[in-house]
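Student: Structure file my_file_26.cif (mmCIF, N, CA and C atoms) is given on the next line.
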```
data_entry
loop_
_atom_site.group_PDB
_atom_site.id
_atom_site.type_symbol
_atom_site.label_atom_id
_atom_site.label_comp_id
_atom_site.auth_asym_id
_atom_site.auth_seq_id
_atom_site.Cartn_x
_atom_site.Cartn_y
_atom_site.Cartn_z
ATOM 1 N N MET L 1 146.653 -69.391 152.061
ATOM 2 C CA MET L 1 146.178 -68.023 152.158
ATOM 3 C C MET L 1 146.769 -67.162 151.042
ATOM 4 N N THR L 2 148.043 -67.316 150.777
ATOM 5 C CA THR L 2 148.674 -66.527 149.727
ATOM 6 C C THR L 2 148.114 -66.879 148.350
ATOM 7 N N GLN L 3 147.693 -68.108 148.173
ATOM 8 C CA GLN L 3 147.114 -68.500 146.891
ATOM 9 C C GLN L 3 145.784 -67.767 146.654
ATOM 10 N N ILE L 4 145.020 -67.565 147.712
ATOM 11 C CA ILE L 4 143.739 -66.864 147.585
ATOM 12 C C ILE L 4 143.981 -65.400 147.218
ATOM 13 N N ILE L 5 144.972 -64.779 147.844
ATOM 14 C CA ILE L 5 145.287 -63.374 147.549
ATOM 15 C C ILE L 5 145.772 -63.237 146.102
ATOM 16 N N LEU L 6 146.653 -64.157 145.658
ATOM 17 C CA LEU L 6 147.144 -64.112 144.284
ATOM 18 C C LEU L 6 146.000 -64.326 143.290
ATOM 19 N N ALA L 7 145.090 -65.210 143.602
ATOM 20 C CA ALA L 7 143.952 -65.469 142.721
ATOM 21 C C ALA L 7 143.060 -64.229 142.643
ATOM 22 N N ALA L 8 142.833 -63.545 143.752
ATOM 23 C CA ALA L 8 142.006 -62.337 143.764
ATOM 24 C C ALA L 8 142.669 -61.220 142.958
ATOM 25 N N GLN L 9 143.996 -61.101 143.074
ATOM 26 C CA GLN L 9 144.700 -60.084 142.306
ATOM 27 C C GLN L 9 144.635 -60.390 140.806
ATOM 28 N N ALA L 10 144.724 -61.650 140.440
ATOM 29 C CA ALA L 10 144.654 -62.035 139.038
ATOM 30 C C ALA L 10 143.269 -61.721 138.466
ATOM 31 N N GLN L 11 142.237 -61.973 139.257
ATOM 32 C CA GLN L 11 140.888 -61.676 138.792
ATOM 33 C C GLN L 11 140.673 -60.172 138.664
ATOM 34 N N GLY L 12 141.226 -59.379 139.566
ATOM 35 C CA GLY L 12 141.088 -57.928 139.503
ATOM 36 C C GLY L 12 141.745 -57.373 138.260
ATOM 37 N N GLY L 13 142.882 -57.897 137.880
ATOM 38 C CA GLY L 13 143.566 -57.466 136.678
ATOM 39 C C GLY L 13 142.768 -57.814 135.440
ATOM 40 N N GLY L 14 142.084 -58.916 135.471
ATOM 41 C CA GLY L 14 141.251 -59.329 134.346
ATOM 42 C C GLY L 14 140.072 -58.398 134.158
ATOM 43 N N SER L 15 139.489 -57.920 135.247
ATOM 44 C CA SER L 15 138.326 -57.051 135.116
ATOM 45 C C SER L 15 138.734 -55.678 134.575
ATOM 46 N N ILE L 16 139.918 -55.218 134.915
ATOM 47 C CA ILE L 16 140.395 -53.935 134.390
ATOM 48 C C ILE L 16 140.642 -54.048 132.890
ATOM 49 N N SER L 17 141.254 -55.134 132.472
ATOM 50 C CA SER L 17 141.493 -55.305 131.031
ATOM 51 C C SER L 17 140.172 -55.483 130.280
ATOM 52 N N PHE L 18 139.185 -56.112 130.911
ATOM 53 C CA PHE L 18 137.866 -56.251 130.296
ATOM 54 C C PHE L 18 137.223 -54.888 130.097
ATOM 55 N N ILE L 19 137.314 -54.029 131.092
ATOM 56 C CA ILE L 19 136.734 -52.683 130.995
ATOM 57 C C ILE L 19 137.444 -51.886 129.906
ATOM 58 N N ILE L 20 138.750 -51.975 129.845
ATOM 59 C CA ILE L 20 139.523 -51.274 128.814
ATOM 60 C C ILE L 20 139.140 -51.782 127.429
ATOM 61 N N MET L 21 138.963 -53.082 127.296
ATOM 62 C CA MET L 21 138.586 -53.659 126.017
ATOM 63 C C MET L 21 137.174 -53.202 125.605
ATOM 64 N N MET L 22 136.243 -53.130 126.532
ATOM 65 C CA MET L 22 134.886 -52.680 126.222
ATOM 66 C C MET L 22 134.887 -51.208 125.793
ATOM 67 N N VAL L 23 135.684 -50.380 126.454
ATOM 68 C CA VAL L 23 135.788 -48.969 126.073
ATOM 69 C C VAL L 23 136.389 -48.853 124.667
ATOM 70 N N ALA L 24 137.390 -49.664 124.377
ATOM 71 C CA ALA L 24 138.013 -49.645 123.055
ATOM 72 C C ALA L 24 137.016 -50.076 121.976
ATOM 73 N N ILE L 25 136.216 -51.095 122.252
ATOM 74 C CA ILE L 25 135.210 -51.549 121.287
ATOM 75 C C ILE L 25 134.182 -50.461 121.044
ATOM 76 N N PHE L 26 133.720 -49.796 122.106
ATOM 77 C CA PHE L 26 132.759 -48.709 121.946
ATOM 78 C C PHE L 26 133.357 -47.567 121.130
ATOM 79 N N ALA L 27 134.619 -47.227 121.386
ATOM 80 C CA ALA L 27 135.279 -46.151 120.637
ATOM 81 C C ALA L 27 135.390 -46.514 119.156
ATOM 82 N N ILE L 28 135.732 -47.753 118.863
ATOM 83 C CA ILE L 28 135.830 -48.198 117.470
ATOM 84 C C ILE L 28 134.462 -48.122 116.795
ATOM 85 N N MET L 29 133.416 -48.578 117.482
ATOM 86 C CA MET L 29 132.067 -48.519 116.923
ATOM 87 C C MET L 29 131.651 -47.071 116.676
ATOM 88 N N TYR L 30 131.988 -46.178 117.594
ATOM 89 C CA TYR L 30 131.618 -44.776 117.441
ATOM 90 C C TYR L 30 132.279 -44.168 116.209
ATOM 91 N N PHE L 31 133.590 -44.379 116.067
ATOM 92 C CA PHE L 31 134.315 -43.735 114.975
ATOM 93 C C PHE L 31 134.073 -44.375 113.613
ATOM 94 N N PHE L 32 133.697 -45.650 113.565
ATOM 95 C CA PHE L 32 133.482 -46.300 112.272
ATOM 96 C C PHE L 32 132.024 -46.450 111.890
ATOM 97 N N MET L 33 131.088 -46.307 112.845
ATOM 98 C CA MET L 33 129.676 -46.508 112.510
ATOM 99 C C MET L 33 128.809 -45.304 112.862
ATOM 100 N N ILE L 34 128.855 -44.849 114.073
ATOM 101 C CA ILE L 34 127.937 -43.813 114.547
ATOM 102 C C ILE L 34 128.303 -42.455 113.976
ATOM 103 N N ARG L 35 129.548 -42.061 114.068
ATOM 104 C CA ARG L 35 129.975 -40.740 113.610
ATOM 105 C C ARG L 35 129.756 -40.525 112.115
ATOM 106 N N PRO L 36 130.131 -41.482 111.236
ATOM 107 C CA PRO L 36 129.861 -41.278 109.810
ATOM 108 C C PRO L 36 128.360 -41.179 109.502
ATOM 109 N N GLN L 37 127.534 -41.946 110.213
ATOM 110 C CA GLN L 37 126.101 -41.880 109.983
ATOM 111 C C GLN L 37 125.548 -40.511 110.386
ATOM 112 N N GLN L 38 126.018 -39.975 111.514
ATOM 113 C CA GLN L 38 125.583 -38.645 111.940
ATOM 114 C C GLN L 38 126.012 -37.587 110.928
ATOM 115 N N LYS L 39 127.217 -37.718 110.391
ATOM 116 C CA LYS L 39 127.711 -36.773 109.392
ATOM 117 C C LYS L 39 126.863 -36.832 108.125
ATOM 118 N N ARG L 40 126.539 -38.055 107.675
ATOM 119 C CA ARG L 40 125.713 -38.235 106.489
ATOM 120 C C ARG L 40 124.317 -37.653 106.705
ATOM 121 N N GLN L 41 123.744 -37.873 107.887
ATOM 122 C CA GLN L 41 122.417 -37.347 108.193
ATOM 123 C C GLN L 41 122.420 -35.818 108.207
ATOM 124 N N LYS L 42 123.490 -35.226 108.715
ATOM 125 C CA LYS L 42 123.608 -33.768 108.735
ATOM 126 C C LYS L 42 123.705 -33.200 107.320
ATOM 127 N N GLU L 43 124.439 -33.887 106.428
ATOM 128 C CA GLU L 43 124.544 -33.459 105.036
ATOM 129 C C GLU L 43 123.180 -33.511 104.347
ATOM 130 N N ILE L 44 122.415 -34.568 104.601
ATOM 131 C CA ILE L 44 121.076 -34.688 104.015
ATOM 132 C C ILE L 44 120.177 -33.576 104.514
ATOM 133 N N GLN L 45 120.247 -33.299 105.806
ATOM 134 C CA GLN L 45 119.411 -32.241 106.376
ATOM 135 C C GLN L 45 119.788 -30.871 105.798
ATOM 136 N N ASN L 46 121.077 -30.615 105.631
ATOM 137 C CA ASN L 46 121.506 -29.355 105.022
ATOM 138 C C ASN L 46 121.013 -29.246 103.584
ATOM 139 N N PHE L 47 121.054 -30.363 102.834
ATOM 140 C CA PHE L 47 120.549 -30.366 101.465
ATOM 141 C C PHE L 47 119.049 -30.072 101.439
ATOM 142 N N GLN L 48 118.300 -30.713 102.342
ATOM 143 C CA GLN L 48 116.854 -30.501 102.395
ATOM 144 C C GLN L 48 116.518 -29.052 102.743
ATOM 145 N N ASN L 49 117.290 -28.439 103.610
ATOM 146 C CA ASN L 49 117.038 -27.051 103.992
ATOM 147 C C ASN L 49 117.440 -26.064 102.893
ATOM 148 N N SER L 50 118.319 -26.476 101.978
ATOM 149 C CA SER L 50 118.784 -25.566 100.930
ATOM 150 C C SER L 50 118.107 -25.833 99.583
ATOM 151 N N LEU L 51 117.037 -26.606 99.575
ATOM 152 C CA LEU L 51 116.340 -26.895 98.315
ATOM 153 C C LEU L 51 115.808 -25.624 97.672
ATOM 154 N N GLN L 52 115.868 -25.580 96.363
ATOM 155 C CA GLN L 52 115.345 -24.459 95.594
ATOM 156 C C GLN L 52 114.539 -25.006 94.424
ATOM 157 N N GLU L 53 113.682 -24.180 93.877
ATOM 158 C CA GLU L 53 112.908 -24.589 92.714
ATOM 159 C C GLU L 53 113.851 -24.853 91.546
ATOM 160 N N GLY L 54 113.562 -25.914 90.806
ATOM 161 C CA GLY L 54 114.401 -26.285 89.672
ATOM 162 C C GLY L 54 115.462 -27.317 90.005
ATOM 163 N N THR L 55 115.640 -27.645 91.275
ATOM 164 C CA THR L 55 116.636 -28.636 91.673
ATOM 165 C C THR L 55 116.141 -30.029 91.312
ATOM 166 N N GLN L 56 117.002 -30.833 90.702
ATOM 167 C CA GLN L 56 116.652 -32.213 90.392
ATOM 168 C C GLN L 56 116.909 -33.052 91.634
ATOM 169 N N VAL L 57 115.930 -33.879 92.015
ATOM 170 C CA VAL L 57 116.013 -34.620 93.264
ATOM 171 C C VAL L 57 115.626 -36.083 93.073
ATOM 172 N N LEU L 58 115.948 -36.872 94.066
ATOM 173 C CA LEU L 58 115.549 -38.267 94.178
ATOM 174 C C LEU L 58 114.801 -38.390 95.493
ATOM 175 N N THR L 59 113.576 -38.912 95.448
ATOM 176 C CA THR L 59 112.787 -39.047 96.671
ATOM 177 C C THR L 59 113.087 -40.371 97.358
ATOM 178 N N GLY L 60 112.570 -40.508 98.574
ATOM 179 C CA GLY L 60 112.750 -41.740 99.331
ATOM 180 C C GLY L 60 112.094 -42.935 98.670
ATOM 181 N N GLY L 61 111.100 -42.701 97.832
ATOM 182 C CA GLY L 61 110.429 -43.778 97.116
ATOM 183 C C GLY L 61 111.119 -44.160 95.820
ATOM 184 N N GLY L 62 112.230 -43.511 95.502
ATOM 185 C CA GLY L 62 112.977 -43.829 94.291
ATOM 186 C C GLY L 62 112.487 -43.086 93.061
ATOM 187 N N ILE L 63 111.767 -41.998 93.261
ATOM 188 C CA ILE L 63 111.233 -41.224 92.147
ATOM 189 C C ILE L 63 112.155 -40.046 91.856
ATOM 190 N N TYR L 64 112.566 -39.933 90.591
ATOM 191 C CA TYR L 64 113.385 -38.808 90.152
ATOM 192 C C TYR L 64 112.472 -37.702 89.660
ATOM 193 N N GLY L 65 112.822 -36.465 89.956
ATOM 194 C CA GLY L 65 112.014 -35.358 89.491
ATOM 195 C C GLY L 65 112.699 -34.027 89.706
ATOM 196 N N THR L 66 111.959 -32.958 89.420
ATOM 197 C CA THR L 66 112.454 -31.595 89.546
ATOM 198 C C THR L 66 111.530 -30.836 90.489
ATOM 199 N N VAL L 67 112.123 -30.112 91.447
ATOM 200 C CA VAL L 67 111.329 -29.346 92.405
ATOM 201 C C VAL L 67 110.645 -28.199 91.677
ATOM 202 N N LYS L 68 109.316 -28.106 91.840
ATOM 203 C CA LYS L 68 108.549 -27.033 91.211
ATOM 204 C C LYS L 68 108.096 -25.988 92.223
ATOM 205 N N LYS L 69 107.759 -26.412 93.434
ATOM 206 C CA LYS L 69 107.257 -25.481 94.437
ATOM 207 C C LYS L 69 107.618 -26.014 95.821
ATOM 208 N N ILE L 70 107.995 -25.088 96.721
ATOM 209 C CA ILE L 70 108.353 -25.456 98.088
ATOM 210 C C ILE L 70 107.456 -24.686 99.047
ATOM 211 N N ASP L 71 106.772 -25.398 99.922
ATOM 212 C CA ASP L 71 105.947 -24.785 100.956
ATOM 213 C C ASP L 71 106.647 -25.004 102.291
ATOM 214 N N LEU L 72 107.374 -23.996 102.761
ATOM 215 C CA LEU L 72 108.158 -24.129 103.986
ATOM 216 C C LEU L 72 107.283 -24.292 105.225
ATOM 217 N N ALA L 73 106.104 -23.707 105.216
ATOM 218 C CA ALA L 73 105.229 -23.771 106.387
ATOM 219 C C ALA L 73 104.788 -25.207 106.672
ATOM 220 N N SER L 74 104.407 -25.934 105.623
ATOM 221 C CA SER L 74 103.926 -27.304 105.821
ATOM 222 C C SER L 74 105.015 -28.348 105.570
ATOM 223 N N GLY L 75 106.121 -27.955 104.968
ATOM 224 C CA GLY L 75 107.207 -28.898 104.684
ATOM 225 C C GLY L 75 106.908 -29.797 103.495
ATOM 226 N N ILE L 76 106.020 -29.352 102.602
ATOM 227 C CA ILE L 76 105.660 -30.144 101.435
ATOM 228 C C ILE L 76 106.295 -29.535 100.191
ATOM 229 N N ILE L 77 106.812 -30.404 99.338
ATOM 230 C CA ILE L 77 107.469 -29.990 98.103
ATOM 231 C C ILE L 77 106.714 -30.599 96.935
ATOM 232 N N GLU L 78 106.458 -29.802 95.916
ATOM 233 C CA GLU L 78 105.848 -30.319 94.690
ATOM 234 C C GLU L 78 106.971 -30.671 93.731
ATOM 235 N N VAL L 79 106.956 -31.917 93.256
ATOM 236 C CA VAL L 79 108.008 -32.424 92.381
ATOM 237 C C VAL L 79 107.385 -32.826 91.046
ATOM 238 N N LYS L 80 107.939 -32.287 89.973
ATOM 239 C CA LYS L 80 107.492 -32.654 88.626
ATOM 240 C C LYS L 80 108.253 -33.898 88.205
ATOM 241 N N ILE L 81 107.511 -34.969 87.896
ATOM 242 C CA ILE L 81 108.177 -36.219 87.523
ATOM 243 C C ILE L 81 108.025 -36.531 86.042
ATOM 244 N N ALA L 82 107.074 -35.866 85.368
ATOM 245 C CA ALA L 82 106.884 -36.008 83.914
ATOM 246 C C ALA L 82 106.103 -34.796 83.446
ATOM 247 N N ASP L 83 105.952 -34.642 82.143
ATOM 248 C CA ASP L 83 105.188 -33.514 81.610
ATOM 249 C C ASP L 83 103.749 -33.593 82.115
ATOM 250 N N GLY L 84 103.330 -32.570 82.825
ATOM 251 C CA GLY L 84 101.974 -32.507 83.352
ATOM 252 C C GLY L 84 101.728 -33.341 84.594
ATOM 253 N N VAL L 85 102.762 -33.978 85.156
ATOM 254 C CA VAL L 85 102.600 -34.814 86.352
ATOM 255 C C VAL L 85 103.425 -34.212 87.486
ATOM 256 N N VAL L 86 102.709 -33.711 88.498
ATOM 257 C CA VAL L 86 103.362 -33.117 89.661
ATOM 258 C C VAL L 86 102.854 -33.833 90.900
ATOM 259 N N ILE L 87 103.779 -34.285 91.746
ATOM 260 C CA ILE L 87 103.386 -34.958 92.981
ATOM 261 C C ILE L 87 103.837 -34.130 94.179
ATOM 262 N N LYS L 88 103.166 -34.338 95.298
ATOM 263 C CA LYS L 88 103.552 -33.668 96.538
ATOM 264 C C LYS L 88 104.323 -34.660 97.392
ATOM 265 N N VAL L 89 105.463 -34.201 97.907
ATOM 266 C CA VAL L 89 106.343 -35.048 98.703
ATOM 267 C C VAL L 89 106.725 -34.289 99.964
ATOM 268 N N ASP L 90 106.788 -34.985 101.079
ATOM 269 C CA ASP L 90 107.272 -34.365 102.311
ATOM 270 C C ASP L 90 108.757 -34.050 102.154
ATOM 271 N N LYS L 91 109.175 -32.912 102.667
ATOM 272 C CA LYS L 91 110.557 -32.453 102.504
ATOM 273 C C LYS L 91 111.569 -33.446 103.077
ATOM 274 N N SER L 92 111.188 -34.178 104.109
ATOM 275 C CA SER L 92 112.125 -35.114 104.735
ATOM 276 C C SER L 92 112.364 -36.365 103.883
ATOM 277 N N TYR L 93 111.593 -36.551 102.792
ATOM 278 C CA TYR L 93 111.782 -37.698 101.910
ATOM 279 C C TYR L 93 112.504 -37.336 100.617
ATOM 280 N N VAL L 94 113.095 -36.166 100.555
ATOM 281 C CA VAL L 94 113.903 -35.766 99.403
ATOM 282 C C VAL L 94 115.356 -35.875 99.843
ATOM 283 N N PHE L 95 116.117 -36.722 99.149
ATOM 284 C CA PHE L 95 117.439 -37.068 99.650
ATOM 285 C C PHE L 95 118.616 -36.607 98.832
ATOM 286 N N LYS L 96 118.477 -36.384 97.544
ATOM 287 C CA LYS L 96 119.682 -36.263 96.744
ATOM 288 C C LYS L 96 119.477 -35.313 95.580
ATOM 289 N N ASP L 97 120.525 -34.591 95.255
ATOM 290 C CA ASP L 97 120.538 -33.763 94.051
ATOM 291 C C ASP L 97 121.071 -34.635 92.928
ATOM 292 N N THR L 98 120.196 -35.062 92.027
ATOM 293 C CA THR L 98 120.616 -35.982 90.973
ATOM 294 C C THR L 98 121.402 -35.293 89.870
ATOM 295 N N ALA L 99 121.364 -33.978 89.818
ATOM 296 C CA ALA L 99 122.118 -33.256 88.784
ATOM 297 C C ALA L 99 123.622 -33.386 89.029
ATOM 298 N N SER L 100 124.021 -33.476 90.291
ATOM 299 C CA SER L 100 125.456 -33.570 90.600
ATOM 300 C C SER L 100 125.936 -35.012 90.659
ATOM 301 N N THR L 101 125.020 -35.977 90.550
ATOM 302 C CA THR L 101 125.380 -37.375 90.591
ATOM 303 C C THR L 101 125.765 -37.849 89.188
ATOM 304 N N PRO L 102 126.962 -38.404 89.017
ATOM 305 C CA PRO L 102 127.350 -38.872 87.684
ATOM 306 C C PRO L 102 126.514 -40.088 87.279
ATOM 307 N N VAL L 103 126.094 -40.105 86.024
ATOM 308 C CA VAL L 103 125.299 -41.207 85.504
ATOM 309 C C VAL L 103 126.248 -42.244 84.940
ATOM 310 N N GLN L 104 126.078 -43.510 85.389
ATOM 311 C CA GLN L 104 126.936 -44.587 84.903
ATOM 312 C C GLN L 104 126.255 -45.292 83.741
ATOM 313 N N LYS L 105 127.021 -45.609 82.724
ATOM 314 C CA LYS L 105 126.448 -46.297 81.554
ATOM 315 C C LYS L 105 126.974 -47.697 81.458
#
```
Now that the file is in, can you turn its structure into structure tokens?

Tutor:
Amino acid sequence: MTQIILAAQAQGGGSISFIIMMVAIFAIMYFFMIRPQQKRQKEIQNFQNSLQEGTQVLTGGGIYGTVKKIDLASGIIEVKIADGVVIKVDKSYVFKDTASTPVQK
């Protein structure tokens, strides 16, 4: 009888340590994966909301250009990519200010 009680107590201790370990794993994942991604997404959103004409940008399709016109109502931005070539891009696909990005040679 005492062996059964000791075995049950040993199993109960194992389940508590398992729960603690799962909470620790979730906390590690949150601080190393989820939180930095949320911070990065917030920075991108702030950049998109602060766009101005003349800003050099990089689109989601990998196109570099300069913002020529912003239509806040529809969320569409006109980007000049070459002389006489202007494309329309959704505001959510403009990710980066290329003027502040150092060019590597």

Student: Report as JSON, numbers by chain all protein, DNA and RNA residues lying within 10 Å of region 85-97 of chain L, evaluated on only C-alpha atoms, omitting residues in the same chain fewer than 5 positions from it.

Tutor: {"L": [41, 43, 44, 45, 47, 48, 49, 51, 55, 56, 57, 58, 59, 60, 61, 62, 63, 64, 65, 66, 67, 68, 69, 70, 71, 72, 74, 75, 76, 77, 78, 79, 80]}

Student: Looking only at strand (DSSP E) from DSSP on the backbone, list the matching residues of chain L as an MDAnalysis selection string.

Tutor: chainID L and resid 56:59 64:71 76:82 85:90 94:97

Student: Mind giving me the straight-line distance from atom C of Arg35 (chain L) to atom N of Ile19 (chain L) in Å, one decimal?

Tutor: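 A separation of 24.5 Å between them.
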
Student: Record the distance separating atom N of Gln38 (chain L) and atom C of Phe26 (chain L), expressed in Å with one decimal.

Tutor: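 The value is 14.3 Å.
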
Student: Report, in Å to a single decimal, how far apart atom C of Gly54 (chain L) and atom N of Thr98 (chain L) are.

Tutor: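 Answer for the atom N of Thr98 (chain L) to atom C of Gly54 (chain L) separation: 9.3 Å.
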
Student: Would you mind writing region 79-91 of chain L with N, CA, C and O atoms, as an mmCIF file, in the frame of the given file?

Tutor:
```cif
data_model
loop_
_atom_site.group_PDB
_atom_site.id
_atom_site.type_symbol
_atom_site.label_atom_id
_atom_site.label_comp_id
_atom_site.auth_asym_id
_atom_site.auth_seq_id
_atom_site.Cartn_x
_atom_site.Cartn_y
_atom_site.Cartn_z
ATOM 1 N N VAL L 79 106.956 -31.917 93.256
ATOM 2 C CA VAL L 79 108.008 -32.424 92.381
ATOM 3 C C VAL L 79 107.385 -32.826 91.046
ATOM 4 O O VAL L 79 106.438 -33.614 91.006
ATOM 5 N N LYS L 80 107.939 -32.287 89.973
ATOM 6 C CA LYS L 80 107.492 -32.654 88.626
ATOM 7 C C LYS L 80 108.253 -33.898 88.205
ATOM 8 O O LYS L 80 109.488 -33.903 88.154
ATOM 9 N N ILE L 81 107.511 -34.969 87.896
ATOM 10 C CA ILE L 81 108.177 -36.219 87.523
ATOM 11 C C ILE L 81 108.025 -36.531 86.042
ATOM 12 O O ILE L 81 108.738 -37.375 85.517
ATOM 13 N N ALA L 82 107.074 -35.866 85.368
ATOM 14 C CA ALA L 82 106.884 -36.008 83.914
ATOM 15 C C ALA L 82 106.103 -34.796 83.446
ATOM 16 O O ALA L 82 105.624 -34.004 84.253
ATOM 17 N N ASP L 83 105.952 -34.642 82.143
ATOM 18 C CA ASP L 83 105.188 -33.514 81.610
ATOM 19 C C ASP L 83 103.749 -33.593 82.115
ATOM 20 O O ASP L 83 103.053 -34.583 81.880
ATOM 21 N N GLY L 84 103.330 -32.570 82.825
ATOM 22 C CA GLY L 84 101.974 -32.507 83.352
ATOM 23 C C GLY L 84 101.728 -33.341 84.594
ATOM 24 O O GLY L 84 100.597 -33.445 85.048
ATOM 25 N N VAL L 85 102.762 -33.978 85.156
ATOM 26 C CA VAL L 85 102.600 -34.814 86.352
ATOM 27 C C VAL L 85 103.425 -34.212 87.486
ATOM 28 O O VAL L 85 104.652 -34.194 87.434
ATOM 29 N N VAL L 86 102.709 -33.711 88.498
ATOM 30 C CA VAL L 86 103.362 -33.117 89.661
ATOM 31 C C VAL L 86 102.854 -33.833 90.900
ATOM 32 O O VAL L 86 101.648 -34.007 91.080
ATOM 33 N N ILE L 87 103.779 -34.285 91.746
ATOM 34 C CA ILE L 87 103.386 -34.958 92.981
ATOM 35 C C ILE L 87 103.837 -34.130 94.179
ATOM 36 O O ILE L 87 104.772 -33.326 94.075
ATOM 37 N N LYS L 88 103.166 -34.338 95.298
ATOM 38 C CA LYS L 88 103.552 -33.668 96.538
ATOM 39 C C LYS L 88 104.323 -34.660 97.392
ATOM 40 O O LYS L 88 103.894 -35.799 97.572
ATOM 41 N N VAL L 89 105.463 -34.201 97.907
ATOM 42 C CA VAL L 89 106.343 -35.048 98.703
ATOM 43 C C VAL L 89 106.725 -34.289 99.964
ATOM 44 O O VAL L 89 106.979 -33.078 99.906
ATOM 45 N N ASP L 90 106.788 -34.985 101.079
ATOM 46 C CA ASP L 90 107.272 -34.365 102.311
ATOM 47 C C ASP L 90 108.757 -34.050 102.154
ATOM 48 O O ASP L 90 109.507 -34.839 101.580
ATOM 49 N N LYS L 91 109.175 -32.912 102.667
ATOM 50 C CA LYS L 91 110.557 -32.453 102.504
ATOM 51 C C LYS L 91 111.569 -33.446 103.077
ATOM 52 O O LYS L 91 112.667 -33.600 102.557
#
```
